[in-house]
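Worksheet: one structure, shown below.
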Amino acid sequence: MKPLVLLGSGNGLDQVREMLLVQRPELDIVWPGEAGAERAHVALCWNPPPGSLGMYPNLRLIHSIGAGADQIFKDPSRAPQVPVCRIVDPDHRLGMVEYVLWGVLHYHRSFDLMLQNQARVLWDRPAQRPARETKVGVMGLGELGRAVASQLAALGFDTRGWARRAQQIQGVTTFQTGEINAFLEGLDILVCLLPLTPETVGILGSKTFAQMAKGSVVINCGRGEHLIPDDLFAALDSAQLRGALLDVFEEEPLPVEDPFWRHPGICLTPHIASSASYEVIAAQILHNLECLEAGASLANQVDSQQGY
Ligand code: NDP
Ligand code: OXD
């Protein structure tokens, strides 16, 4: 049996290995440096260190154990002809819908202001408005963003969506890449559910914030590198933005000294907006191993040209 090698760490890589072995005990799943690793034909990855993929010349499949595969494309040693696959899970979608709905409602109903008031023992009733008067924009209308935009629209929010290609979602006004200004204009809440690619890195910066409504909010569930931290602090300090809900960071776990932890305008969560279960991740990897062995087409293959 040709080995599978585990590259990187975090996001449950150990648990995925255990789950795979429960289902297929005969699999030879090794860490770098363990016997046979150099012969690996499949790499299972979460944040593989740059330069690591190139150390396995027999790879026939590179599998992310998450929805995003950006960390794999960052490795310059990756052989471009080896297919890259990712996880797509309906429960992942539901988790993301719950998280973003919570975030949107938190700001739309001014719970952020009321929590601050409670800390000051202040009885003050922030103005409330109907959902149809709050403009929410979702960047990225893929497996996750599409479901999020659709549910926001179903709750009555004035919902916009932005993707590379033309999309149709009931109740959502959609825009394509070149229409970003019209998409952003006057938004109250911006949700980022984009993959990280050279085109989307740093997209949450001053230029974007300036086009949104005064006192608006950013929710970032994509990747830390989508956000330019100094631009966020400047926008919060000038009150162009009233708050930011951040789930993803350039370095995870977020270092204790990072100013994100302590800024009063920031609410942060430890990359939990949504996660696929280890059972589903293992089942999808096993399915793709079978496809590989049978020479059949792989599921959830990432477009290596686009990087997502
Ligand atoms: P998909 O690949 O299914 O969808 C990506 C979407 O982004 C598509 O609609 C695509 O447009 C759009 N897009 C890509 N590039 C651009 C661009 N340059 N301009 C405009 N739109 C663009 O991804 P998922 O929905 O599955 O996941 C999105 C991201 O969410 C992941 O890559 C990951 O980074 C993050 N994530 C975070 C989690 C968390 O817990 N915080 C959990 C899971 C994922 P088009 O439709 O036209 O191709
Ligand atoms: C991700 C994930 O890609 O958690 O962020 O699956």
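Letters for chains follow the order of the structure tokens (A, B, ...), residue numbers begin at 1 for each chain, and ligand numbers begin at 1 in the order shown.
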
(Q) List as an MDAnalysis selection string the protein and nucleic acid residues lying within 8 Å of ligand 2, with only C-alpha atoms and all ligand atoms counted. (A) chainID A and resid 11 65:69 87 92 221:223 248 271:276

Keeping only all heavy atoms, write the selected residues to a file as a CSV table (one decimal), in the first residue's frame.
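Once everything was written out, this is selection_12.csv:
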chain,number,residue,atom,x,y,z
A,11,ASN,N,-6.7,22.3,12.5
A,11,ASN,CA,-8.0,22.0,11.9
A,11,ASN,C,-8.4,20.5,12.0
A,11,ASN,O,-9.1,20.1,11.1
A,11,ASN,CB,-8.0,22.5,10.4
A,11,ASN,CG,-9.4,23.0,10.0
A,11,ASN,OD1,-10.1,23.5,10.9
A,11,ASN,ND2,-9.7,22.9,8.8
A,65,ILE,N,-8.0,19.3,3.9
A,65,ILE,CA,-9.0,18.7,4.8
A,65,ILE,C,-10.0,19.8,5.2
A,65,ILE,O,-10.9,19.6,6.0
A,65,ILE,CB,-8.4,18.1,6.1
A,65,ILE,CG1,-7.7,19.2,6.9
A,65,ILE,CG2,-7.4,17.0,5.7
A,65,ILE,CD1,-7.5,18.8,8.4
A,66,GLY,N,-10.0,21.0,4.5
A,66,GLY,CA,-10.9,22.0,4.7
A,66,GLY,C,-11.6,22.4,3.4
A,66,GLY,O,-11.3,21.9,2.3
A,67,ALA,N,-12.5,23.5,3.5
A,67,ALA,CA,-13.1,24.0,2.3
A,67,ALA,C,-12.2,24.8,1.5
A,67,ALA,O,-12.3,24.8,0.2
A,67,ALA,CB,-14.3,24.9,2.7
A,68,GLY,N,-11.3,25.5,2.1
A,68,GLY,CA,-10.3,26.3,1.4
A,68,GLY,C,-9.1,25.5,1.0
A,68,GLY,O,-8.7,24.6,1.7
A,69,ALA,N,-8.5,25.9,-0.1
A,69,ALA,CA,-7.3,25.2,-0.6
A,69,ALA,C,-6.1,26.2,-0.8
A,69,ALA,O,-5.1,25.8,-1.4
A,69,ALA,CB,-7.5,24.4,-1.8
A,87,ILE,N,-12.9,20.0,0.6
A,87,ILE,CA,-14.1,19.4,1.2
A,87,ILE,C,-15.3,20.3,1.0
A,87,ILE,O,-15.2,21.5,1.1
A,87,ILE,CB,-13.9,19.3,2.8
A,87,ILE,CG1,-12.7,18.4,3.1
A,87,ILE,CG2,-15.2,18.7,3.5
A,87,ILE,CD1,-12.7,17.0,2.6
A,92,HIS,N,-21.4,22.2,6.6
A,92,HIS,CA,-20.5,23.3,6.6
A,92,HIS,C,-21.3,24.6,6.2
A,92,HIS,O,-21.2,25.6,6.8
A,92,HIS,CB,-19.5,23.0,5.5
A,92,HIS,CG,-18.1,23.4,5.8
A,92,HIS,ND1,-17.1,23.1,5.0
A,92,HIS,CD2,-17.6,24.0,6.9
A,92,HIS,CE1,-15.9,23.5,5.6
A,92,HIS,NE2,-16.2,24.1,6.7
A,221,CYS,N,-15.2,36.0,7.1
A,221,CYS,CA,-15.1,34.6,7.4
A,221,CYS,C,-14.3,33.9,6.3
A,221,CYS,O,-14.3,32.7,6.2
A,221,CYS,CB,-16.5,34.0,7.3
A,221,CYS,SG,-17.6,34.5,8.6
A,222,GLY,N,-13.6,34.7,5.4
A,222,GLY,CA,-12.9,34.1,4.3
A,222,GLY,C,-11.5,33.7,4.8
A,222,GLY,O,-11.3,32.5,5.3
A,223,ARG,N,-10.5,34.5,4.7
A,223,ARG,CA,-9.2,34.3,5.2
A,223,ARG,C,-8.6,35.6,5.8
A,223,ARG,O,-9.0,36.7,5.3
A,223,ARG,CB,-8.3,33.8,4.0
A,223,ARG,CG,-8.5,32.4,3.6
A,223,ARG,CD,-8.0,31.4,4.7
A,223,ARG,NE,-8.2,30.0,4.3
A,223,ARG,CZ,-9.3,29.2,4.7
A,223,ARG,NH1,-10.2,29.7,5.5
A,223,ARG,NH2,-9.4,28.0,4.3
A,248,VAL,N,-11.2,34.7,11.0
A,248,VAL,CA,-10.0,34.2,10.3
A,248,VAL,C,-8.9,35.2,10.4
A,248,VAL,O,-9.1,36.4,10.3
A,248,VAL,CB,-10.3,33.8,8.9
A,248,VAL,CG1,-11.1,32.5,8.8
A,248,VAL,CG2,-11.1,34.9,8.2
A,271,HIS,N,-11.8,30.9,14.3
A,271,HIS,CA,-12.0,30.1,13.0
A,271,HIS,C,-13.0,28.9,13.3
A,271,HIS,O,-12.7,27.8,13.1
A,271,HIS,CB,-10.6,29.5,12.5
A,271,HIS,CG,-10.7,29.1,11.1
A,271,HIS,ND1,-9.6,29.3,10.2
A,271,HIS,CD2,-11.6,28.5,10.3
A,271,HIS,CE1,-9.9,28.9,9.0
A,271,HIS,NE2,-11.2,28.4,9.1
A,272,ILE,N,-14.1,29.3,13.8
A,272,ILE,CA,-15.2,28.3,14.0
A,272,ILE,C,-16.5,28.7,13.3
A,272,ILE,O,-17.5,28.1,13.6
A,272,ILE,CB,-15.6,28.2,15.5
A,272,ILE,CG1,-15.8,29.5,16.2
A,272,ILE,CG2,-14.6,27.4,16.3
A,272,ILE,CD1,-17.0,30.2,15.8
A,273,ALA,N,-16.4,29.6,12.3
A,273,ALA,CA,-17.7,30.0,11.7
A,273,ALA,C,-18.4,28.8,11.2
A,273,ALA,O,-19.6,28.6,11.4
A,273,ALA,CB,-17.4,31.0,10.5
A,274,SER,N,-17.6,27.9,10.6
A,274,SER,CA,-18.2,26.6,10.3
A,274,SER,C,-17.2,25.5,10.1
A,274,SER,O,-16.0,25.8,9.7
A,274,SER,CB,-19.1,26.7,9.0
A,274,SER,OG,-18.5,26.1,7.9
A,275,SER,N,-17.5,24.3,10.5
A,275,SER,CA,-16.5,23.2,10.2
A,275,SER,C,-17.2,22.0,9.8
A,275,SER,O,-18.3,21.7,10.2
A,275,SER,CB,-15.7,22.9,11.5
A,275,SER,OG,-16.1,23.7,12.6
A,276,ALA,N,-16.6,21.3,8.9
A,276,ALA,CA,-17.1,20.0,8.4
A,276,ALA,C,-16.8,19.0,9.5
A,276,ALA,O,-15.8,19.1,10.2
A,276,ALA,CB,-16.5,19.6,7.1

Q: Quick one: everything within 7 Å of stretch 226-236 of chain A, counting only C-alpha atoms, minus sequence neighbours fewer than 4 positions away in the same chain. Send it as a PyMOL selection string.
A: chain A and resi 196+200-206+240-243+265

Q) Which residues in stretch 58-257 of chain A does DSSP call strand (DSSP E or B)? List them as a ChimeraX atom specification. A) /A:61-64,84-85,135-139,158-163,169,172-176,189-192,204,216-220,227,241-246

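Relative to atom CA of A:Ser216, atom CA of A:Tyr107 is found at 9.1 Å.
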
Q.
I'd like the neighbourhood of stretch 154-157 of chain A as a ChimeraX atom specification, where a residue qualifies if any of its atoms comes within 8 Å (using only C-alpha atoms), though same-chain residues fewer than 2 positions away should be ignored.
A. /A:131-136,150-152,159,171

Residues from the last selection, C-alpha atoms, saved as a tab-separated table (two decimals), in the first residue's frame:
chain	number	residue	atom	x	y	z
A	131	ALA	CA	-34.40	44.26	7.98
A	132	ARG	CA	-35.42	45.64	4.58
A	133	GLU	CA	-33.66	48.91	5.50
A	134	THR	CA	-30.32	47.20	6.21
A	135	LYS	CA	-28.15	46.64	3.15
A	136	VAL	CA	-26.03	43.50	3.43
A	150	SER	CA	-30.22	33.40	0.12
A	151	GLN	CA	-31.06	33.11	3.85
A	152	LEU	CA	-30.37	36.81	4.47
A	159	THR	CA	-29.23	41.66	0.11
A	171	GLY	CA	-34.28	37.97	-3.64
